[in-house]
Structure formats: C-alpha cells, structure tokens
Amino acid sequence: MELPIRAESDVFGPSPAWDRERIVARSPFARLIQLERGAQGGPVVLVVCPLSGHRPRLFFDLVAGLASDHDLHVLAWEQANEVPLAAGPFGLDENVGYVVDGFRQLGRGVHAVALSQSALPALAATALLSARGDPAAPETLTLLGGKLDTRINPARIDRFARAHSLKWLERHAVRPVPASHRGCGRRVYSREAQLSALGGYFARQLSRSGELFRKIVHDDGLDPTGHPFGPAFFNVIDLPGEWFLETISLVYQASALATGALCWQGEKIDLSSIRNTALLTIEGELDDIAPVGQTGVAQELCSGIPSGRKSNYVLPGSGHFGLFHGRIWREQVLPRIFGFVRAFPRSPAIPPATHWPRRAT
C-alpha cells in the first residue's frame with residue numbers, strides 16, 4: 001500500500017549538511033528520505049534507523065556526519081499509533097521486507113549502515129537479496145551495536161526478556177491505540193511502557209555516571225543547541241505490538257538469526273549466502289545494550305564473505321551511544337565507515353536476480 005509522496009519531509013530538521021529532506025518513497029509504516037544538498041555526490045548510502053522507539057532525530061549526529069560526503073538516504077519509521085488498521089499488521093517479516101524494499105528502491109551500488117535494532121533486519125535483508133543474486137544487495141554493510149545473538153555476553157535487557165513470558169509482556173506493555181489517533185484499535189508497544197523502561201535504565205546510568213548520563217549532562221554532539229541529545233532520548237513513539245512481541249520471541253529469547261531458525265515468509269534466512277557484500281561490524285567496549293560479541297558474531301555467521309572483505313572493530317571506552325553520537329562517533333567511527341565504503345566501490349559481477357516473492361502486506 002503506497003501513500004502519496006510529499007516533496008518535503010521534516011524528520012531531522014535543518015542542518016548545514018543538507019539543503020532539504022526529500023521523500024523518495026513512502027508506505028504506511030516508513031518513509032525513504034534523501035538528504036539533498038547543492039553538490040550532490042559521493043557513494044550512495046542508506047541508513048536504516050532502528051525501531052527502538054526513538055524518533056530519527058536521536059541519530060542526527062550519525063546522519064549529519066555521513067551526509068557531507070555521501071548521497072545519503074534514510075529509512076525512517078512512522079508512529080504506529082498513526083497507522084490505520086487497514087494498513088495491516090507490522091511484524092518482523094514486514095520490518096525485514098521494508099529494508100529489502102529500500103535496497104531495491106536505490107538499486108545496485110548502495111552502501112548500508114544499520115545500528116542497534118536495525119542491524120538484524122538489515123543483515124537478514126542482505127542475505128535474502130544475496131541468495132537470489134539480486135544486484136540490489138548492498139555493496140557494503142556496516143553494523144553498529146546490533147543485537148544479532150543475545151546469548152553472547154547477555155545484557156540486563158536480554159536477561160529480562162528471557163525471564164518473562166510473551167503473555168506477561170503483552171499484558172504489561174501492549175495496549176490498543178485510543179480513538180483520538182488514526183491508528184485507533186491497533187495494538188502497540190506503548191510509549192508509556194517504553195518511558196518506564198528508559199527511566200529505569202537512566203537511573204542505573206546515573207548511579208554509576210554512565211555514558212548516557214554524561215551525554216545528557218555534557219552533550220558532545222554536533223549541534224547540542226539545535227539537536228540536544230537528552231530530549232531526543234526521551235522522545236519516543238508507539239511501536240507495532242506484533243513487531244514487539246515477535247522481536248522478543250525471535251531475537252531475545254530464541255536468537256533465531258544466529259541459530260539459523262529465522263525465516264522470512266516461511267523461507268529460512270541463510271547468512272552464508274552473502275558473498276559479495278563487504279561487512280564491517282563496530283562494537284563499543286562498554287556497551288551495556290548490545291555488549292561486545294553480539295554484533296561481531298556476524299563475522300562468523302557470514303561465512304561466505306572472504307576474509308579480506310570483512311572487518312570487526314571494538315571501540316575502546318565507548319558505550320552504545322558513542323557509536324552514533326558525539327566526539328567518539330565523529331573522530332573514530334565515522335572515519336572507519338568512510339574508509340570502508342571507499343575500499344569496496346563495486347562488488348564483482350553477479351548473475352541477475354531470479355523472481356522475487358511479493359512482500360506480505
């Protein structure tokens with residue numbers, strides 16, 4: 001179900017790094033945005049925002065850093081409470097399918113960057129395209145602090161998810177959208193439940209002067225006045241309820257991607273089918289959301305990628321948020337992505353794509 005495309009978007013707000021936000025494609029649950037600037041050029045990069053509940057403005061530093069030297073596109077998610085029931089459900093299948101659509105919309109030559117929650121659907125979408133020899137599979141894939149195997153160095157959130165049943169989580173965190181919103185009746189992982197969880201996390205960070213606390217007290221972002229980190233962190237939206245419960249079940253409780261059990265429309269996702277996409281994984285040494293190993297495991301799981309086309313880096317002294325915001329992002333992460341993208345400008349020739357099954361709607 002495609003929606004009319006508006007010329008302008010206001011997802012990130014003004015920045016010297018771009019002249020305007022142009023909506024390239026729009027569907028009920030997401031929009032694909034190009035950040036246009038006067039001298040457009042450089043490699044085509046797609047940032048897949050995470051379905052973390054945070055609005056895309058939390059990732060302003062990441063987007064602004066990449067926009068200056070790349071033809072940058074962003075896949076940004078809509079508020080679930082404003083998506084009518086007629087648009088259908090949105091689960092993990094749809095999450096992966098929208099990323100596939102984003103890659104295919106931009107075509108051959110795209111370089112993908114995914115962080116936190118979006119690492120898994122971006123990796124799964126790459127595997128699906130690669131298995132068909134589809135030239136839309138990204139040239140490079142950079143994963144920052146993603147949860148690909150929560151059995152490795154489990155974080156507090158991983159242990160919590162395993163200790164509670166889906167019925168318990170549905171009862172305490174999922175509610176219907178009220179009549180005052182366009183998504184009336186849709187079941188969502190509520191903003192209120194998310195804020196409660198974020199408040200508990202911030203309290204733990206406060207007690208030990210953690211990275212999140214330091215960034216809120218001393219914002220080291222690119223534009224702390226126009227795009228402050230603290231308000232963006234606590235500005236969350238409702239998420240689709242079926243997506244939340246499926247993610248708990250398949251990602252946190254079953255580690256389905258890492259064990260080879262994750263399917264898309266009934267088809268198993270085979271990470272070994274990825275051969276031509278170069279892979280960069282970056283983890284934070286002190287990350288307490290996606291601890292070391294949970295992202296880097298992709299290096300082992302993607303066994304079809306030659307060793308010369310994949311690299312893993314653990315960032316000393318960084319937590320989860322330094323991977324995409326602030327001084328560490330600008331001085332250590334961004335240059336690595338810049339160099340990696342330019343090291344692999346075009347993959348070897350691959351056969352044309354076979355038929356592509358229509359994504360479920």
# chains A, B, ... in the order shown; residues from 1 in each chain; ligands from 1

$ select_by_dssp --residues "region 149-295 of chain A" --states "alpha helix (DSSP H)" --output "PyMOL selection string"
chain A and resi 156-163+166-173+191-207+211-217+229-233+241-247+256-259

$ write_last_selection --atoms "C-alpha atoms" --output "mmCIF file, in the first residue's frame"
data_model
loop_
_atom_site.group_PDB
_atom_site.id
_atom_site.type_symbol
_atom_site.label_atom_id
_atom_site.label_comp_id
_atom_site.auth_asym_id
_atom_site.auth_seq_id
_atom_site.Cartn_x
_atom_site.Cartn_y
_atom_site.Cartn_z
ATOM 1 C CA ARG A 156 20.258 -6.816 31.553
ATOM 2 C CA ILE A 157 17.595 -6.354 28.880
ATOM 3 C CA ASP A 158 18.408 -9.793 27.422
ATOM 4 C CA ARG A 159 18.008 -11.496 30.785
ATOM 5 C CA PHE A 160 14.764 -9.621 31.435
ATOM 6 C CA ALA A 161 13.292 -10.671 28.086
ATOM 7 C CA ARG A 162 14.107 -14.328 28.715
ATOM 8 C CA ALA A 163 12.734 -14.266 32.244
ATOM 9 C CA LEU A 166 5.172 -13.206 25.963
ATOM 10 C CA LYS A 167 1.810 -13.187 27.720
ATOM 11 C CA TRP A 168 3.283 -11.243 30.642
ATOM 12 C CA LEU A 169 4.956 -8.741 28.320
ATOM 13 C CA GLU A 170 1.795 -8.324 26.251
ATOM 14 C CA ARG A 171 -0.252 -7.700 29.361
ATOM 15 C CA HIS A 172 2.134 -5.083 30.777
ATOM 16 C CA ALA A 173 3.494 -3.332 27.662
ATOM 17 C CA ARG A 191 5.110 4.991 24.681
ATOM 18 C CA GLU A 192 4.319 4.856 28.415
ATOM 19 C CA ALA A 193 5.808 1.373 28.817
ATOM 20 C CA GLN A 194 8.929 2.460 26.929
ATOM 21 C CA LEU A 195 9.395 5.560 29.064
ATOM 22 C CA SER A 196 9.150 3.423 32.197
ATOM 23 C CA ALA A 197 11.897 1.137 30.887
ATOM 24 C CA LEU A 198 14.060 4.082 29.787
ATOM 25 C CA GLY A 199 13.621 5.731 33.187
ATOM 26 C CA GLY A 200 14.934 2.619 34.912
ATOM 27 C CA TYR A 201 17.870 2.452 32.515
ATOM 28 C CA PHE A 202 18.709 6.124 33.065
ATOM 29 C CA ALA A 203 18.583 5.621 36.847
ATOM 30 C CA ARG A 204 21.183 2.851 36.562
ATOM 31 C CA GLN A 205 23.338 5.049 34.322
ATOM 32 C CA LEU A 206 23.010 7.901 36.805
ATOM 33 C CA SER A 207 24.120 5.718 39.722
ATOM 34 C CA GLU A 211 27.747 7.204 29.166
ATOM 35 C CA LEU A 212 24.081 8.157 28.831
ATOM 36 C CA PHE A 213 24.227 10.313 31.968
ATOM 37 C CA ARG A 214 27.399 12.041 30.744
ATOM 38 C CA LYS A 215 25.898 12.801 27.336
ATOM 39 C CA ILE A 216 22.832 14.367 28.874
ATOM 40 C CA VAL A 217 24.876 16.475 31.328
ATOM 41 C CA PHE A 229 20.645 14.530 22.921
ATOM 42 C CA GLY A 230 18.706 14.349 26.199
ATOM 43 C CA PRO A 231 15.264 15.439 24.948
ATOM 44 C CA ALA A 232 15.680 13.245 21.843
ATOM 45 C CA PHE A 233 16.472 10.214 24.011
ATOM 46 C CA GLY A 241 2.631 -4.556 19.134
ATOM 47 C CA GLU A 242 3.088 -7.652 16.943
ATOM 48 C CA TRP A 243 6.569 -6.479 15.973
ATOM 49 C CA PHE A 244 7.482 -6.019 19.659
ATOM 50 C CA LEU A 245 6.301 -9.490 20.683
ATOM 51 C CA GLU A 246 7.898 -11.215 17.678
ATOM 52 C CA THR A 247 11.189 -9.419 18.355
ATOM 53 C CA ALA A 256 16.792 -17.193 15.749
ATOM 54 C CA LEU A 257 19.072 -15.454 13.234
ATOM 55 C CA ALA A 258 22.243 -16.789 14.853
ATOM 56 C CA THR A 259 20.871 -20.340 15.141
#

$ residues_around --residues "region 47-56 of chain A" --least-positions-apart "6" --cutoff "8 Å" --atoms "only C-alpha atoms" --output "JSON, numbers by chain"
{"A": [11, 12, 63, 72, 73, 74, 75, 76, 77, 99, 112, 113, 114, 115, 116, 117, 118, 119, 122, 191, 194, 232, 233, 234, 235, 236, 237, 238, 239]}

$ atom_distance --atom1 "CA of Gly260 (chain A)" --atom2 "CA of Ala298 (chain A)"
12.3 Å

$ closest_atom_pairs --of "region 225-307 of chain A" --to "region 105-109 of chain A" --cutoff "12 Å" --atoms "only C-alpha atoms" --output "JSON lines"
{"residue": "A:Asn276", "atom": "CA", "partner": "A:Gly109", "partner_atom": "CA", "distance": 11.6}
{"residue": "A:Thr277", "atom": "CA", "partner": "A:Gly109", "partner_atom": "CA", "distance": 10.3}
{"residue": "A:Ala278", "atom": "CA", "partner": "A:Gly109", "partner_atom": "CA", "distance": 11.9}

$ write_last_selection --atoms "C-alpha atoms" --output "PDB file, in the first residue's frame"
ATOM      1  CA  ASN A 276      29.822 -10.105  -2.384  1.00  0.00           C
ATOM      2  CA  THR A 277      28.717  -7.631   0.282  1.00  0.00           C
ATOM      3  CA  ALA A 278      31.657  -6.380   2.357  1.00  0.00           C
TER       4      ALA A 278
END

$ residues_around --residues "Gly221 (chain A)" --least-positions-apart "2" --cutoff "8 Å" --atoms "only C-alpha atoms" --output "PDB file with C-alpha atoms, in the first residue's frame"
ATOM      1  CA  ASP A  61      24.909  13.167  14.580  1.00  0.00           C
ATOM      2  CA  ASP A 219      26.212  16.915  25.240  1.00  0.00           C
ATOM      3  CA  ASP A 223      24.632  20.611  17.481  1.00  0.00           C
ATOM      4  CA  PRO A 224      23.692  20.373  21.181  1.00  0.00           C
ATOM      5  CA  PRO A 228      20.072  18.169  22.031  1.00  0.00           C
ATOM      6  CA  PHE A 229      20.645  14.530  22.921  1.00  0.00           C
ATOM      7  CA  HIS A 325      26.634  10.364  18.702  1.00  0.00           C
ATOM      8  CA  GLY A 326      29.325  12.752  19.878  1.00  0.00           C
ATOM      9  CA  ARG A 327      33.080  13.007  19.756  1.00  0.00           C
TER      10      ARG A 327
END

$ residues_around --residues "Ser318 (chain A)" --least-positions-apart "5" --cutoff "10 Å" --atoms "only C-alpha atoms" --output "ChimeraX atom specification"
/A:211,283-287,323,328-329

$ write_last_selection --atoms "N, CA and C atoms" --output "PDB file, in the first residue's frame"
ATOM      1  N   GLU A 211      27.637   6.428  30.393  1.00  0.00           N
ATOM      2  CA  GLU A 211      27.747   7.204  29.166  1.00  0.00           C
ATOM      3  C   GLU A 211      26.494   8.029  28.893  1.00  0.00           C
ATOM      4  N   GLU A 283      31.685  -2.388  17.529  1.00  0.00           N
ATOM      5  CA  GLU A 283      31.076  -2.563  18.839  1.00  0.00           C
ATOM      6  C   GLU A 283      31.733  -1.625  19.842  1.00  0.00           C
ATOM      7  N   GLY A 284      30.986  -1.269  20.883  1.00  0.00           N
ATOM      8  CA  GLY A 284      31.526  -0.448  21.953  1.00  0.00           C
ATOM      9  C   GLY A 284      32.016  -1.321  23.096  1.00  0.00           C
ATOM     10  N   GLU A 285      33.220  -1.075  23.543  1.00  0.00           N
ATOM     11  CA  GLU A 285      33.807  -1.875  24.621  1.00  0.00           C
ATOM     12  C   GLU A 285      32.914  -1.900  25.857  1.00  0.00           C
ATOM     13  N   LEU A 286      32.243  -0.789  26.152  1.00  0.00           N
ATOM     14  CA  LEU A 286      31.445  -0.659  27.363  1.00  0.00           C
ATOM     15  C   LEU A 286      29.942  -0.667  27.074  1.00  0.00           C
ATOM     16  N   ASP A 287      29.555  -1.154  25.923  1.00  0.00           N
ATOM     17  CA  ASP A 287      28.145  -1.169  25.530  1.00  0.00           C
ATOM     18  C   ASP A 287      27.365  -2.108  26.455  1.00  0.00           C
ATOM     19  N   LEU A 323      28.659   5.137  19.670  1.00  0.00           N
ATOM     20  CA  LEU A 323      28.765   4.565  18.334  1.00  0.00           C
ATOM     21  C   LEU A 323      28.107   5.419  17.270  1.00  0.00           C
ATOM     22  N   ILE A 328      33.327  10.586  19.993  1.00  0.00           N
ATOM     23  CA  ILE A 328      33.834   9.271  19.579  1.00  0.00           C
ATOM     24  C   ILE A 328      33.291   8.905  18.204  1.00  0.00           C
ATOM     25  N   TRP A 329      32.003   9.163  17.976  1.00  0.00           N
ATOM     26  CA  TRP A 329      31.414   8.889  16.662  1.00  0.00           C
ATOM     27  C   TRP A 329      32.152   9.670  15.575  1.00  0.00           C
TER      28      TRP A 329
END

$ atom_distance --atom1 "CA of Pro43 (chain A)" --atom2 "CA of Ile337 (chain A)"
11.7 Å

$ closest_residue --among "A:Glu82, A:Asp134, A:Asp101, A:Asp93" --to "Leu120 (chain A)" --atoms "only C-alpha atoms"
A:Asp93

$ atom_distance --atom1 "CA of Pro14 (chain A)" --atom2 "CA of His111 (chain A)"
24.1 Å

$ closest_residue --among "A:Thr281, A:Asn153, A:Ser255, A:Gln79" --to "Leu141 (chain A)" --atoms "only C-alpha atoms"
A:Thr281
